file upload27.txt (compact mmCIF, C-alpha atoms)
# COMPACT_ATOMS: atom_id res chain seq x y z
CA MET A 4 147.13 -10.05 193.97
CA HIS A 5 146.03 -7.43 196.48
CA ALA A 6 143.87 -9.17 199.08
CA ASP A 7 140.97 -6.68 198.94
CA LEU A 8 141.05 -6.63 195.12
CA LYS A 9 140.78 -10.41 195.10
CA ARG A 10 137.84 -10.21 197.48
CA LEU A 11 136.12 -7.55 195.36
CA ILE A 12 136.46 -9.73 192.27
CA ALA A 13 134.83 -12.60 194.16
CA LEU A 14 132.16 -10.25 195.52
CA GLN A 15 131.39 -8.98 192.03
CA GLN A 16 131.07 -12.53 190.73
CA LEU A 17 128.61 -13.34 193.50
CA ASP A 18 126.59 -10.17 192.90
CA SER A 19 126.49 -10.71 189.13
CA THR A 20 125.34 -14.30 189.57
CA ALA A 21 122.70 -13.17 192.07
CA ASP A 22 121.50 -10.42 189.72
CA ASP A 23 121.13 -12.93 186.88
CA ALA A 24 119.18 -15.27 189.17
CA ARG A 25 116.87 -12.51 190.36
CA ARG A 26 116.30 -11.36 186.77
CA HIS A 27 115.30 -14.87 185.71
CA LEU A 28 113.02 -15.23 188.72
CA ALA A 29 111.39 -11.89 187.91
CA GLU A 30 110.52 -13.26 184.47
CA GLU A 31 108.43 -16.09 185.96
CA PRO A 32 105.06 -14.24 185.82
CA GLU A 33 105.62 -13.43 182.14
CA ARG A 34 106.56 -17.03 181.40
CA GLN A 35 103.47 -18.26 183.25
CA ARG A 36 101.33 -15.87 181.20
CA ASP A 37 102.90 -17.28 178.06
CA PHE A 38 101.96 -20.80 179.19
CA ASP A 39 98.41 -19.63 179.90
CA ASP A 40 98.19 -17.92 176.51
CA ARG A 41 99.31 -21.08 174.72
CA LEU A 42 96.68 -23.11 176.52
CA ALA A 43 93.98 -20.48 175.96
CA ALA A 44 94.72 -20.36 172.23
CA ALA A 45 94.52 -24.15 171.93
CA ARG A 46 91.28 -24.26 173.93
CA GLN A 47 89.79 -21.50 171.84
CA ARG A 48 90.46 -23.52 168.69
CA VAL A 49 88.60 -26.43 170.27
CA ASP A 50 85.71 -24.14 171.25
CA VAL A 51 85.50 -22.70 167.75
CA ALA A 52 85.49 -26.17 166.20
CA ASN A 53 82.81 -27.28 168.66
CA THR A 54 80.69 -24.22 167.93
CA ARG A 55 80.89 -24.72 164.17
CA LEU A 56 79.95 -28.37 164.50
CA SER A 57 77.02 -27.50 166.76
CA GLU A 58 75.84 -24.83 164.34
CA ASN A 59 76.06 -27.35 161.53
CA MET A 60 73.93 -29.83 163.48
CA GLU A 61 71.34 -27.17 164.29
CA THR A 62 71.19 -26.11 160.65
CA ARG A 63 70.77 -29.72 159.53
CA ARG A 64 67.99 -30.32 162.05
CA ALA A 65 66.21 -27.19 160.84
CA ILE A 66 66.47 -28.36 157.22
CA GLU A 67 65.25 -31.84 158.14
CA LYS A 68 62.21 -30.26 159.81
CA ASP A 69 61.51 -28.35 156.60
CA VAL A 70 61.86 -31.61 154.66
CA ALA A 71 59.31 -33.23 156.95
CA VAL A 72 56.92 -30.30 156.43
CA HIS A 73 57.16 -30.52 152.65
CA GLN A 74 56.87 -34.28 152.71
CA GLY A 75 53.70 -33.90 154.77
CA ARG A 76 52.33 -31.44 152.23
CA LEU A 77 53.34 -33.82 149.43
CA SER A 78 51.48 -36.67 151.10
CA LYS A 79 48.46 -34.43 151.57
CA PHE A 80 48.45 -33.38 147.91
CA ARG A 81 48.74 -36.96 146.78
CA ASP A 82 45.70 -37.84 148.85
CA GLN A 83 43.85 -34.90 147.33
CA LEU A 84 44.81 -36.06 143.85
CA MET A 85 42.78 -39.21 144.39
CA SER A 86 39.61 -37.22 145.13
CA VAL A 87 39.66 -34.45 142.49
CA LYS A 88 36.71 -34.33 140.15
CA THR A 89 37.76 -31.93 137.40
CA ASN A 90 40.75 -31.64 135.17
CA VAL A 91 41.45 -28.13 136.47
CA GLU A 92 41.61 -29.39 140.05
CA TYR A 93 43.83 -32.24 138.94
CA LEU A 94 46.31 -29.89 137.26
CA ALA A 95 46.33 -27.56 140.24
CA VAL A 96 47.06 -30.37 142.68
CA GLN A 97 49.65 -31.84 140.32
CA LYS A 98 51.37 -28.48 140.21
CA GLU A 99 51.48 -28.36 144.03
CA ILE A 100 52.93 -31.88 144.09
CA GLU A 101 55.67 -30.94 141.66
CA PHE A 102 56.54 -27.85 143.70
CA ALA A 103 56.65 -29.86 146.93
CA GLN A 104 58.83 -32.52 145.29
CA LYS A 105 61.20 -29.83 144.06
CA GLU A 106 61.43 -28.32 147.52
CA VAL A 107 62.06 -31.74 149.08
CA ARG A 108 64.86 -32.49 146.63
CA SER A 109 66.46 -29.09 147.23
CA LEU A 110 66.27 -29.50 150.99
CA GLU A 111 67.60 -33.06 150.85
CA ASP A 112 70.58 -31.77 148.87
CA LYS A 113 71.19 -29.23 151.62
CA VAL A 114 70.97 -31.98 154.23
CA LEU A 115 73.58 -33.97 152.33
CA GLU A 116 75.82 -30.91 152.10
CA ALA A 117 75.45 -30.35 155.83
CA MET A 118 76.31 -34.00 156.53
CA LEU A 119 79.47 -33.75 154.40
CA ALA A 120 80.39 -30.50 156.11
CA ALA A 121 79.77 -32.16 159.49
CA ASP A 122 82.31 -34.86 158.65
CA GLU A 123 84.91 -32.22 157.87
CA LEU A 124 84.04 -30.22 160.99
CA SER A 125 84.29 -33.37 163.10
CA ASP A 126 87.79 -33.95 161.74
CA HIS A 127 88.73 -30.36 162.57
CA LEU A 128 87.41 -30.83 166.10
CA LYS A 129 89.41 -34.02 166.58
CA GLN A 130 92.53 -32.27 165.32
CA ALA A 131 91.96 -29.32 167.63
CA GLU A 132 91.39 -31.64 170.61
CA ALA A 133 94.56 -33.59 169.78
CA ALA A 134 96.49 -30.33 169.45
CA LEU A 135 95.12 -29.18 172.83
CA THR A 136 96.26 -32.42 174.46
CA ASP A 137 99.71 -31.95 172.96
CA VAL A 138 99.91 -28.33 174.13
CA GLU A 139 98.79 -29.32 177.63
CA LYS A 140 101.54 -31.93 177.83
CA LYS A 141 104.18 -29.50 176.60
CA VAL A 142 103.02 -26.69 178.88
CA ASN A 143 102.96 -29.00 181.89
CA ALA A 144 106.48 -30.16 181.05
CA ASP A 145 107.62 -26.56 180.59
CA ARG A 146 106.06 -25.57 183.90
CA ARG A 147 107.88 -28.39 185.68
CA THR A 148 111.15 -27.37 184.04
CA LEU A 149 110.60 -23.75 185.03
CA ASP A 150 109.72 -24.71 188.61
CA GLN A 151 112.87 -26.83 188.89
CA HIS A 152 115.01 -24.09 187.38
CA ASN A 153 113.55 -21.43 189.68
CA SER A 154 114.01 -23.70 192.67
CA THR A 155 117.68 -24.04 191.76
CA LEU A 156 117.97 -20.26 191.37
CA ARG A 157 116.44 -19.69 194.82
CA GLU A 158 118.91 -22.15 196.32
CA THR A 159 121.70 -20.32 194.50
CA LEU A 160 120.54 -16.99 195.92
CA GLU A 161 120.44 -18.41 199.41
CA ARG A 162 123.96 -19.83 199.04
CA ILE A 163 125.25 -16.57 197.58
CA SER A 164 123.71 -14.62 200.45
CA HIS A 165 125.68 -16.67 202.99
CA GLU A 166 128.89 -16.50 200.97
CA ARG A 167 128.49 -12.76 200.48
CA ASP A 168 127.98 -12.15 204.18
CA GLU A 169 131.15 -14.06 204.94
CA LEU A 170 133.08 -12.25 202.22
CA ILE A 171 132.07 -8.70 203.11
CA GLY A 172 133.03 -9.47 206.69
CA THR A 173 136.65 -9.64 205.52
CA LEU A 174 136.56 -6.27 203.73
CA GLU A 175 137.39 -2.95 205.25
CA GLY A 176 134.39 -0.67 205.57
CA GLY A 177 135.75 1.97 203.23
CA VAL A 178 136.44 -0.52 200.47
CA LEU A 179 132.97 -2.05 200.76
CA GLU A 180 131.31 1.37 200.79
CA MET A 181 133.18 2.42 197.65
CA PHE A 182 132.31 -0.89 195.95
CA GLU A 183 128.62 -0.49 196.74
CA LEU A 184 128.63 3.17 195.68
CA VAL A 185 130.17 2.37 192.28
CA ALA A 186 127.87 -0.66 191.85
CA SER A 187 124.80 1.47 192.54
CA ARG A 188 125.86 3.89 189.81
CA ARG A 189 127.07 1.32 187.26
CA ASN A 190 124.21 -1.16 186.94
CA GLY A 191 125.52 -3.37 189.70
CA VAL A 192 129.02 -3.81 188.21
CA ALA A 193 131.82 -2.24 190.25
CA VAL A 194 134.76 -4.39 189.08
CA ALA A 195 136.14 -4.57 185.54
CA GLU A 196 138.93 -6.44 183.84
CA ALA A 197 141.56 -4.37 182.04
CA LYS A 198 142.68 -5.88 178.77
CA ASP A 199 144.93 -4.59 176.01
CA GLY A 200 145.17 -1.28 177.84
CA VAL A 201 141.40 -0.80 177.90
CA CYS A 202 138.67 -1.06 180.54
CA THR A 203 136.59 -3.92 179.13
CA ILE A 204 133.29 -2.45 180.34
CA CYS A 205 133.41 1.27 179.52
CA HIS A 206 135.96 0.66 176.70
CA VAL A 207 138.01 3.72 177.57
CA ARG A 208 141.78 3.39 177.02
CA LEU A 209 143.85 3.62 180.14
CA ARG A 210 146.97 5.68 180.47
CA PRO A 211 150.01 3.43 179.91
CA GLN A 212 151.35 3.88 183.42
CA VAL A 213 147.92 3.16 184.91
CA PHE A 214 147.65 -0.03 182.87
CA ASN A 215 151.14 -1.07 183.97
CA ASP A 216 150.07 -0.58 187.58
CA VAL A 217 146.84 -2.52 186.99
CA MET A 218 148.84 -5.41 185.53
CA GLN A 219 150.62 -5.78 188.86
CA ASN A 220 147.32 -6.31 190.73
CA ALA A 221 149.19 -4.96 193.73
CA LYS A 222 146.88 -2.10 194.68
CA MET A 223 143.34 -0.82 194.30
CA ILE A 224 143.02 1.18 191.07
CA GLN A 225 139.82 2.64 189.67
CA CYS A 226 139.06 3.45 186.05
CA ASP A 227 139.29 7.19 185.48
CA SER A 228 136.19 7.02 183.27
CA CYS A 229 133.73 4.68 185.01
CA GLN A 230 135.36 4.45 188.49
CA ARG A 231 135.17 0.66 188.47
CA PHE A 232 137.91 -1.23 190.27
CA LEU A 233 140.33 -2.62 187.71
CA TYR A 234 142.18 -5.92 187.70
CA PHE A 235 144.36 -7.76 185.24
CA SER A 236 144.11 -11.46 184.42
CA PRO A 237 147.58 -13.04 184.32
CA SER A 238 146.28 -15.54 181.79
CA GLN A 239 146.34 -12.74 179.22
CA THR A 240 150.12 -12.53 179.38
CA ALA A 241 150.45 -16.29 179.60
CA ALA A 242 148.41 -16.68 176.42
CA GLY A 243 150.38 -13.95 174.69
CA HIS A 244 147.34 -11.78 174.24
CA THR A 245 148.60 -8.69 176.02
CA GLN A 246 151.94 -6.96 176.07
CA PRO A 247 152.67 -4.24 178.60
CA PRO A 248 152.30 -0.84 176.95
CA ALA A 249 155.36 1.33 176.59
CA PRO A 250 155.84 3.74 179.50

call {"tool": "encode", "arguments": {"input": "upload27.txt", "output": "structure tokens"}}
result
Amino acid sequence: MHADLKRLIALQQLDSTADDARRHLAEEPERQRDFDDRLAAARQRVDVANTRLSENMETRRAIEKDVAVHQGRLSKFRDQLMSVKTNVEYLAVQKEIEFAQKEVRSLEDKVLEAMLAADELSDHLKQAEAALTDVEKKVNADRRTLDQHNSTLRETLERISHERDELIGTLEGGVLEMFELVASRRNGVAVAEAKDGVCTICHVRLRPQVFNDVMQNAKMIQCDSCQRFLYFSPSQTAAGHTQPPAP
């Protein structure tokens, strides 16, 4: 294989790996926001459950105060019943007692309903708190995994930087300039494999003689369509996948 072509293939592999690493690193803020959103959602469910339970307790306390008021009135009417002198007064007080008793029973029913609802709300709160604990554990684990992965990517970028500097030092200036020019115009990819008579990136069919020349890997050849440097993998012929096109 042509020495510069071999170096360009290696250079492209380094650049592609570096681009992938940088792309993953650039996604870190979004991933961190996703972690924060998961935690915020779980905490909000806990807050909602807490609020509903607190509202239930406040409602129950308010009802219990009303019960106490009506029970006080009931006690007062019963005392009055002992001191009435006429049948009319007796009936009037009796009517007040019956009304107060009815109100007390109604309010006590509401207290019971609130107590039952409180039990259910307490269960919801416990479930929400347990879910929050679970989410916190998972998010913390995911953060550690992401930190370790990003640390590895940064080490990879540093290694690639050194290897790239050494590699480009062996290339002629004109070859490197052409590589970088094509890469800047083709999304960072300046080298393409030719397979079955086709450039595997732009998918344009090569002229038979051009493909025959590419198969030799003996000189620098660029795709007429995308201008990428072409190379041929000998393993294609060895595996019987590619036959040289007819001249």

call {"tool": "atom_distance", "arguments": {"input": "upload27.txt", "atom1": "atom CA of Phe235 of chain A", "atom2": "atom CA of Gln219 of chain A"}}
result
7.5 Å

call {"tool": "residues_around", "arguments": {"input": "upload27.txt", "residues": "Glu180 of chain A", "least_positions_apart": "5", "cutoff": "12 Å", "atoms": "all atoms listed in the file", "output": "list in words"}}
result
Leu11, Ile171, Leu174, Glu175, Val185, Ala186, Ser187 and Ala193 of chain A

call {"tool": "closest_residue", "arguments": {"input": "upload27.txt", "among": "A:Leu128, A:Ala120, A:Ala43, A:Ile224", "to": "Gln212 of chain A", "atoms": "all atoms listed in the file"}}
result
A:Ile224

call {"tool": "residues_around", "arguments": {"input": "upload27.txt", "residues": "Val201 of chain A", "least_positions_apart": "5", "cutoff": "12 Å", "atoms": "only C-alpha atoms", "output": "PyMOL selection string"}}
result
chain A and resi 195-196+206-211+213-215+217-218+226-229+233-235+245+247-248

call {"tool": "write_last_selection", "arguments": {"input": "upload27.txt", "atoms": "C-alpha atoms", "output": "PDB file, keeping the file's coordinate frame"}}
result
ATOM      1  CA  ALA A 195     136.140  -4.570 185.540  1.00  0.00           C
ATOM      2  CA  GLU A 196     138.930  -6.440 183.840  1.00  0.00           C
ATOM      3  CA  HIS A 206     135.960   0.660 176.700  1.00  0.00           C
ATOM      4  CA  VAL A 207     138.010   3.720 177.570  1.00  0.00           C
ATOM      5  CA  ARG A 208     141.780   3.390 177.020  1.00  0.00           C
ATOM      6  CA  LEU A 209     143.850   3.620 180.140  1.00  0.00           C
ATOM      7  CA  ARG A 210     146.970   5.680 180.470  1.00  0.00           C
ATOM      8  CA  PRO A 211     150.010   3.430 179.910  1.00  0.00           C
ATOM      9  CA  VAL A 213     147.920   3.160 184.910  1.00  0.00           C
ATOM     10  CA  PHE A 214     147.650  -0.030 182.870  1.00  0.00           C
ATOM     11  CA  ASN A 215     151.140  -1.070 183.970  1.00  0.00           C
ATOM     12  CA  VAL A 217     146.840  -2.520 186.990  1.00  0.00           C
ATOM     13  CA  MET A 218     148.840  -5.410 185.530  1.00  0.00           C
ATOM     14  CA  CYS A 226     139.060   3.450 186.050  1.00  0.00           C
ATOM     15  CA  ASP A 227     139.290   7.190 185.480  1.00  0.00           C
ATOM     16  CA  SER A 228     136.190   7.020 183.270  1.00  0.00           C
ATOM     17  CA  CYS A 229     133.730   4.680 185.010  1.00  0.00           C
ATOM     18  CA  LEU A 233     140.330  -2.620 187.710  1.00  0.00           C
ATOM     19  CA  TYR A 234     142.180  -5.920 187.700  1.00  0.00           C
ATOM     20  CA  PHE A 235     144.360  -7.760 185.240  1.00  0.00           C
ATOM     21  CA  THR A 245     148.600  -8.690 176.020  1.00  0.00           C
ATOM     22  CA  PRO A 247     152.670  -4.240 178.600  1.00  0.00           C
ATOM     23  CA  PRO A 248     152.300  -0.840 176.950  1.00  0.00           C
TER      24      PRO A 248
END

call {"tool": "atom_distance", "arguments": {"input": "upload27.txt", "atom1": "atom CA of Asn220 of chain A", "atom2": "atom CA of Cys205 of chain A"}}
result
19.4 Å

call {"tool": "residues_around", "arguments": {"input": "upload27.txt", "residues": "Leu14 of chain A", "least_positions_apart": "6", "cutoff": "9 Å", "atoms": "only C-alpha atoms", "output": "mmCIF file with C-alpha atoms, in the coordinates of the input"}}
result
data_model
loop_
_atom_site.group_PDB
_atom_site.id
_atom_site.type_symbol
_atom_site.label_atom_id
_atom_site.label_comp_id
_atom_site.auth_asym_id
_atom_site.auth_seq_id
_atom_site.Cartn_x
_atom_site.Cartn_y
_atom_site.Cartn_z
ATOM 1 C CA GLU A 166 128.890 -16.500 200.970
ATOM 2 C CA ARG A 167 128.490 -12.760 200.480
ATOM 3 C CA LEU A 170 133.080 -12.250 202.220
ATOM 4 C CA ILE A 171 132.070 -8.700 203.110
#

call {"tool": "atom_distance", "arguments": {"input": "upload27.txt", "atom1": "atom CA of Arg76 of chain A", "atom2": "atom CA of Leu94 of chain A"}}
result
16.2 Å

call {"tool": "closest_residue", "arguments": {"input": "upload27.txt", "among": "A:Lys88, A:Lys198, A:Val49, A:Ala103", "to": "His73 of chain A", "atoms": "only C-alpha atoms"}}
result
A:Ala103

call {"tool": "closest_residue", "arguments": {"input": "upload27.txt", "among": "A:Ile163, A:Ala21, A:Ala13, A:Ala133", "to": "Arg48 of chain A", "atoms": "all atoms listed in the file"}}
result
A:Ala133

call {"tool": "residues_around", "arguments": {"input": "upload27.txt", "residues": "Thr159 of chain A", "least_positions_apart": "3", "cutoff": "9 Å", "atoms": "all atoms listed in the file", "output": "short mmCIF file (atom, residue, chain, number, x, y, z; two decimals) with C-alpha atoms, keeping the file's coordinate frame"}}
result
data_model
loop_
_atom_site.label_atom_id
_atom_site.label_comp_id
_atom_site.auth_asym_id
_atom_site.auth_seq_id
_atom_site.Cartn_x
_atom_site.Cartn_y
_atom_site.Cartn_z
CA THR A 20 125.34 -14.30 189.57
CA ALA A 21 122.70 -13.17 192.07
CA ALA A 24 119.18 -15.27 189.17
CA SER A 154 114.01 -23.70 192.67
CA THR A 155 117.68 -24.04 191.76
CA LEU A 156 117.97 -20.26 191.37
CA ARG A 162 123.96 -19.83 199.04
CA ILE A 163 125.25 -16.57 197.58
CA SER A 164 123.71 -14.62 200.45
#

call {"tool": "axis_aligned_box", "arguments": {"input": "upload27.txt", "around": "segment 181-188 of chain A", "padding_each_side": "4 Å", "output": "AutoDock Vina command-line options"}}
result
--center_x 129.0 --center_y 1.5 --center_z 193.7 --size_x 16.4 --size_y 12.8 --size_z 15.8

call {"tool": "residues_around", "arguments": {"input": "upload27.txt", "residues": "Ala45 of chain A", "least_positions_apart": "3", "cutoff": "8 Å", "atoms": "all atoms listed in the file", "output": "list in words"}}
result
Arg41, Leu42, Arg48, Val49, Ala131, Ala134, Leu135 and Val138 of chain A

call {"tool": "closest_residue", "arguments": {"input": "upload27.txt", "among": "A:Lys222, A:His152, A:Lys129, A:Lys140", "to": "Leu56 of chain A", "atoms": "all atoms listed in the file"}}
result
A:Lys129

call {"tool": "closest_residue", "arguments": {"input": "upload27.txt", "among": "A:Thr62, A:Gln225, A:Ser238, A:Thr203", "to": "Ala121 of chain A", "atoms": "only C-alpha atoms"}}
result
A:Thr62
